[in-house]
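Participant: Take a look at this one; I'll ask things after.
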Number of protein chains: 4
Amino acid sequence: MSSSFGKNFVVTTFGESHGNGVGVIVDGIPAGIKLTEEDVQVELDKRRPGTSAFVSPRNEADKVEILSGTFKGETIGSPVAMMVRNTNARSGDYDNIRDYFRPGHADFTYYKRYGTTPLPGGGRSSGRETIGRVTGGVIARLILGESVQFNSCSTRIGQVEGKRIDWEFAKGHPLRFGDPDLADQAIEEVKDAMQRHDSVGGKLALNIKGFPAGIGDPAFRKLDALLAMGIMSVGAVKGVEIGAGFNVCSSYGSVNNDPITEDGFGSNNAGGILGGISTGQDININVAIKPTSSIMSEQNTISAVDGKNKVIEVVGRHDPCLCPRACVVVEAMAAMVLADLYLGKIEAIKN
Amino acid sequence: MSSSFGKNFVVTTFGESHGNGVGVIVDGIPAGIKLTEEDVQVELDKRRPGTSAFVSPRNEADKVEILSGTFKGETIGSPVAMMVRNTNARSGDYDNIRDYFRPGHADFTYYKRYGTTPLPGGGRSSGRETIGRVTGGVIARLILGESVQFNSCSTRIGQVEGKRIDWEFAKGHPLRFGDPDLADQAIEEVKDAMQRHDSVGGKLALNIKGFPAGIGDPAFRKLDALLAMGIMSVGAVKGVEIGAGFNVCSSYGSVNNDPITEDGFGSNNAGGILGGISTGQDININVAIKPTSSIMSEQNTISAVDGKNKVIEVVGRHDPCLCPRACVVVEAMAAMVLADLYLGKIEAIKN
Amino acid sequence: MSSSFGKNFVVTTFGESHGNGVGVIVDGIPAGIKLTEEDVQVELDKRRPGTSAFVSPRNEADKVEILSGTFKGETIGSPVAMMVRNTNARSGDYDNIRDYFRPGHADFTYYKRYGTTPLPGGGRSSGRETIGRVTGGVIARLILGESVQFNSCSTRIGQVEGKRIDWEFAKGHPLRFGDPDLADQAIEEVKDAMQRHDSVGGKLALNIKGFPAGIGDPAFRKLDALLAMGIMSVGAVKGVEIGAGFNVCSSYGSVNNDPITEDGFGSNNAGGILGGISTGQDININVAIKPTSSIMSEQNTISAVDGKNKVIEVVGRHDPCLCPRACVVVEAMAAMVLADLYLGKIEAIKN
Amino acid sequence: MSSSFGKNFVVTTFGESHGNGVGVIVDGIPAGIKLTEEDVQVELDKRRPGTSAFVSPRNEADKVEILSGTFKGETIGSPVAMMVRNTNARSGDYDNIRDYFRPGHADFTYYKRYGTTPLPGGGRSSGRETIGRVTGGVIARLILGESVQFNSCSTRIGQVEGKRIDWEFAKGHPLRFGDPDLADQAIEEVKDAMQRHDSVGGKLALNIKGFPAGIGDPAFRKLDALLAMGIMSVGAVKGVEIGAGFNVCSSYGSVNNDPITEDGFGSNNAGGILGGISTGQDININVAIKPTSSIMSEQNTISAVDGKNKVIEVVGRHDPCLCPRACVVVEAMAAMVLADLYLGKIEAIKN
């Protein structure tokens, strides 16, 4: 199922919504890095459900356990395995699989791929799979060090589009919205959707500062190509832009080219990446997040048993808007890609 | 340099703008497929320079030679190596490397990565690297068979945005523009840019019909994730959308979810992919192409020798708009991804 | 640390002798395979320490827990994660790492590689790492099905070389010795070594019946090449032979070539593999197992702290002869290789 | 067909005995290494056929062409593609494939795997495939530098077993035999076989000096595991030993453990590798080479057309003993493995 990501820094995730737990093996970690369960827990708590009115009320403690790879609080070069147990999995529901394909979900395609009828909580396509990604991302950041800083926020929620970004403000906002002036409106947009038993999409911005120039593996494992792959592999993502993104379509070379001067680049339409290699400027990425597929309204679908038409209403515990939690996962994926390429850098040899 | 792409269908490219040639080794090809140099040449001719007023006048015959992997016109399971010689490389220019970093190009980042001063024609970051990709794509299509159909066109050129798509019309248009009503305007937009010694960006649409449901490797090698990686690894690409793409940001679950009926899906906002697996619907992708970085106007940069400010004008042979040739490469990348996942499909085992 | 093995059937192990546990993520498993913890436990019990006078007295229950990848006792296409807790790790010893490099162990080279001073129990180089391999091997066999049968036994223990092999006899013998006539002598050989506070080496034979012809990926991932890699990656292995092995050195083509007849091959010097692909005959492999490095006699080494000469005696719980447990691990590695190549087989396409 | 080998230093070969040529793409090469066609040709000439009475009389110039990856005689970080044309392929024979499976060859298994009837010269299983390996090995050595020295020789030819090794003598001997006292006898052994229209097997020794301690990727990509894989992937190899090899089977821990002293190791039974990581001592490997499968005597086989019994005599141009040429290929494979692991070494990070 291709549950591994990375070449030098390899993250292999496991786990479904049902089952005993979810987790990760992170391999390729240099020795000597301080790492404790607390380091991981801090980040995990950011994506944890049950923390506000706008995320799924499924109440999971999501306590991480480090199973291997450290000694006296330091990495030793071994793979670090980490696990989170599923504690609130409503096991009573688990004897019965659903008998219909939920629109917008992977039920139908998993059935086509694996022959499995819809699994409780979506099985492996559940958002709980991202726990392994987030824990992997924590280690990726430790490798990159504190000089590389990640910031992310929601820049659009449905009809509300932010005009500016205040990264610090976003961190304290329940929707992680970046524009303080429009943040209340964004909350109203989500509340409206919730009242209609609907969900709402949004856009994220990711900004990475301090990543050194000269990292990236041209041809196919370009920095931007791997970022696009990693981010597009997150459940609800439907679009990825680097730097000026789709704005380049209406632009001209004389405008879009970033001039180079003795004091650095004069602009950053490239988003910090040229030819698949970092320029040393900020890496800027926008991400399209689709509205949560699970909505408590009537929808048309077909039965997973007999293929007949069926009107269903998806019950369960769901986020009305995935943006705030997606920020955490997208940051983790980006950190993995950067760590992977960073560890793979090979110096010139003069023979 | 990560010149290999794919897991089951592996394409490894080589070659620079200078040097003796460019090419590819394609591995993972099933035996028994009819393949001749003519099959490859047809597709290669589509991306060849020197064919219209809107593409680079560098005149390369780009004649492909199959070096291995076939016997009596059929594949035998062996890797197929194919090569195109650089015949019009203006070898007189090759003794001297450039002494400045071209804005928008990879000169600066290659220098940071490899310590190499700017190479003639951009070295490996040259568009000639895509010859290997296009030839690899030809074989990918032969594996997929004729029931899988690829179409691509320009949907925007600078300020001219198409309102509709006529795939057949696009194939005959020098800019591969999809909207017959606005196609002349698109040409004017490019001509204007050329007169100003400028270049212009654009947007591409890719449509794939007939790819069966149930193909894709969830978790990290999702169909959409690999498509995003493959397409973002093409030189000028700055954004990738699947299905509704960035339109999902302002949408709602009740609108964005594609209902399922006995007669198939009721809409296709998903763009033919759910949970990283094909639904059997059309796969729809939009791609942002930046304006060509090489423009014959004055630009600010720094010297590759002493790092001092420098005003330069990039001379050479360049496309004023990359869209028509990018279509060919994007199609090839998509075909590779599809073939790779198609060959990797594993059936259920009942023990 | 390269803890993943395989391309289509991917086994990723984790865990050290110290730490909370050891385990594995197995990815690439087709859906629909019946799999319970009991299936795994049976095999795990074969390599478990503390079961006879001739294996390490470390008493670990080695109870396996399946964390993911099944639903109602069947695989669902997801990665199966399995874990065994370290319960008898003598945690009191774990505050102190050793201050010397044990001869024959990886302490010295891990120090050179990772800068880590010797870890309790050898850390990741401990035999406990093989638990992940054995559990992975169980699933590999379920994929191959019951028609593929694995047998292994000790054919030599120190000075005692078996003359014939009785696979069934070996299964019940504490040293897994294959020759019933010499089995008591083999036990005496081990007892002698134990009395001298020494350890003893041995040779294993592995026989695989029923693997179909036509499986193997020529060039580099040849069936024999992958078997050699997988088996040589097991701790104490110093040599691998396929079929006639080193006997070919003194042979002639007229003798060594296996004639082919309408009734099958006339001999099997090839050991079931030609050109890296299975012939359908038995696959026969011999493996050299070095004497256990840990011996309770005085040995010369240097201090891990100051590099000075030091005379040490390795205390701890050790197997006097690794052969019986190595059989289990070698079988598991072979099963993984076979499953990996089996799942990667691609049929010819006629276009 | 898995024609790629390596993770950080990736060698991808192509080509068959028939067809236009054979060659390689070598990726992962650091920039700045001096590399010319002459550097490669020197090594290639060592494995070239037609050079003595004891190797195949097929007369191939085997002139290498570098197609990409260098500029002014230095590597630039790009993949280096190299090609050798098939010039003496006896094209007249190529219209007809053989109608029987040659015993000892891969004809039968390729048929089972790919459905291809026997190809001229064995197709991809031909020894000509090793040209790509040898050329890849040249670059691997340039990466390792002159401080890492490879030596190889024949230590046994049929009934003649060398008692000592003189590496320099071997380099000048047509059978690359290591023992000057028995070298003439070894030649007689081969001549005898030739007169009987037979072929003869042999044993090789490989010795590598100067490889630094601390290189190797534990768990699965152990230094010895990758060496075993790489070497076993060479056509005629049936066994691989590291250090004391199969002699460990009759040894004891007190004898086999290499003591460590302030002045280095006291012996080298480990063959320079502990726990999959280099110790800094010599790396010593023995390799079993089977007798050439092609012999000009009558053999029993079956028809590839109707499966009926058939008595055949293999005509063509063949080496009576593969040892001298296998030395060159085995050295190249070992160099690739060392370069691959050397480039993958990651330093500890102290955060």
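Chain labels run A, B, ... following the order of the structure tokens; each chain numbers its residues from 1, and ligands are numbered from 1 in the order shown.
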Please return, as a ChimeraX atom specification, all residues of chain C lying within 6 Å of chain A when only C-alpha atoms are considered.

Facilitator: /C:1,14-15,19-21,28,31,67-68,79,114

Participant: Write out as number ranges by chain the residues lying within 7 Å of Arg176 (chain A), counting only C-alpha atoms and excluding same-chain residues fewer than 2 positions away.

Facilitator: A: 153-154, 170-174, 178, 324

Participant: How would the residues just chosen look if you wrote them out with C-alpha atoms as a PDB file, in the first residue's frame?

Facilitator:
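Result file is again.pdb:
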```pdb
ATOM      1  CA  CYS A 153      -2.496  29.164   8.412  1.00  0.00           C
ATOM      2  CA  SER A 154      -5.865  29.181   6.716  1.00  0.00           C
ATOM      3  CA  ALA A 170      -3.242  32.231  13.393  1.00  0.00           C
ATOM      4  CA  LYS A 171      -1.599  29.950  15.930  1.00  0.00           C
ATOM      5  CA  GLY A 172      -4.122  30.996  18.567  1.00  0.00           C
ATOM      6  CA  HIS A 173      -7.191  30.959  16.358  1.00  0.00           C
ATOM      7  CA  PRO A 174      -9.498  27.908  16.379  1.00  0.00           C
ATOM      8  CA  GLY A 178      -4.335  34.129   9.201  1.00  0.00           C
ATOM      9  CA  PRO A 324      -6.892  23.894  11.004  1.00  0.00           C
TER      10      PRO A 324
END
```

Participant: Have a look at C:Phe108, C:Ala348, C:Ile131, C:Gly280 and name the one nearest to Val305 (chain C); count only C-alpha atoms.

Facilitator: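 Residue with the minimum atom-to-atom distance to Val305 (chain C): C:Phe108.
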
Participant: Find the residues around region 221-236 of chain C up to 6 Å (only C-alpha atoms counted), leave out those fewer than 6 positions away in its own chain, and share them as a PyMOL selection string.

Facilitator: (chain C and resi 276-277+289-290+330+333-334) or (chain D and resi 2+220+225-226+228-229+232-233)

Participant: Quick check, in Å to one decimal: how far apart do CA of Ala335 (chain C) and CA of Glu129 (chain C) lie?

Facilitator: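 That distance, rounded to one decimal, is 17.2 Å.
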
Participant: Write down as a ChimeraX atom specification the residues belonging to region 200-232 of chain B that are assigned strand (DSSP E) by DSSP computed on the backbone.

Facilitator: /B:202-209

Participant: Measure the distance from CA of Ile260 (chain C) to CA of Lys308 (chain D) in Å and round it to one decimal.

Facilitator: 10.1 Å

Participant: Do a neighbour search on Gly253 (chain B) at 7 Å with only C-alpha atoms, toss out local chain neighbours closer than 4 positions, and write the hits as a list of chain:residue names.

Facilitator: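 Selected residues are A:Asp198, A:Ser199, A:Val200, A:Pro291, A:Thr292, A:Ser293, A:Ile295, B:Asn257.
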
Participant: Can you tell me how far CA of Val255 (chain C) sits from CA of Val329 (chain D), in Å to one decimal?

Facilitator: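 Taking CA of Val255 (chain C) as the start and CA of Val329 (chain D) as the end point, the length is 25.0 Å.
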
Participant: Report as an mmCIF file with C-alpha atoms, in the first residue's frame all protein, DNA and RNA residues lying within 9 Å of Asp181 (chain B), evaluated on only C-alpha atoms, omitting residues in the same chain fewer than 2 positions from it.

Facilitator:
```cif
data_model
loop_
_atom_site.group_PDB
_atom_site.id
_atom_site.type_symbol
_atom_site.label_atom_id
_atom_site.label_comp_id
_atom_site.auth_asym_id
_atom_site.auth_seq_id
_atom_site.Cartn_x
_atom_site.Cartn_y
_atom_site.Cartn_z
ATOM 1 C CA GLY B 162 -10.363 30.092 -22.843
ATOM 2 C CA LYS B 163 -14.061 29.561 -22.068
ATOM 3 C CA ARG B 164 -14.382 26.080 -23.517
ATOM 4 C CA ASP B 179 -10.921 27.481 -27.316
ATOM 5 C CA ALA B 183 -7.362 31.064 -30.334
ATOM 6 C CA ASP B 184 -6.411 34.018 -32.543
ATOM 7 C CA GLN B 185 -6.389 36.291 -29.513
#
```

Participant: Using only C-alpha atoms, which protein or nucleic acid residues come within 7 Å of Ile215 (chain A)? Drop anything in the same chain fewer than 3 positions from it, and give the result as a list in words.

Facilitator: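 What passes the distance filter is Pro212, Ile277, Ser278, Leu341, Tyr342 and Lys345 of chain A; Arg113 of chain B.
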
Participant: Leaving out Phe211 (chain D) and any residue of its chain fewer than 3 positions from it, which residues lie within 10 Å of it when counting only C-alpha atoms, given as a count of residues only?

Facilitator: 18
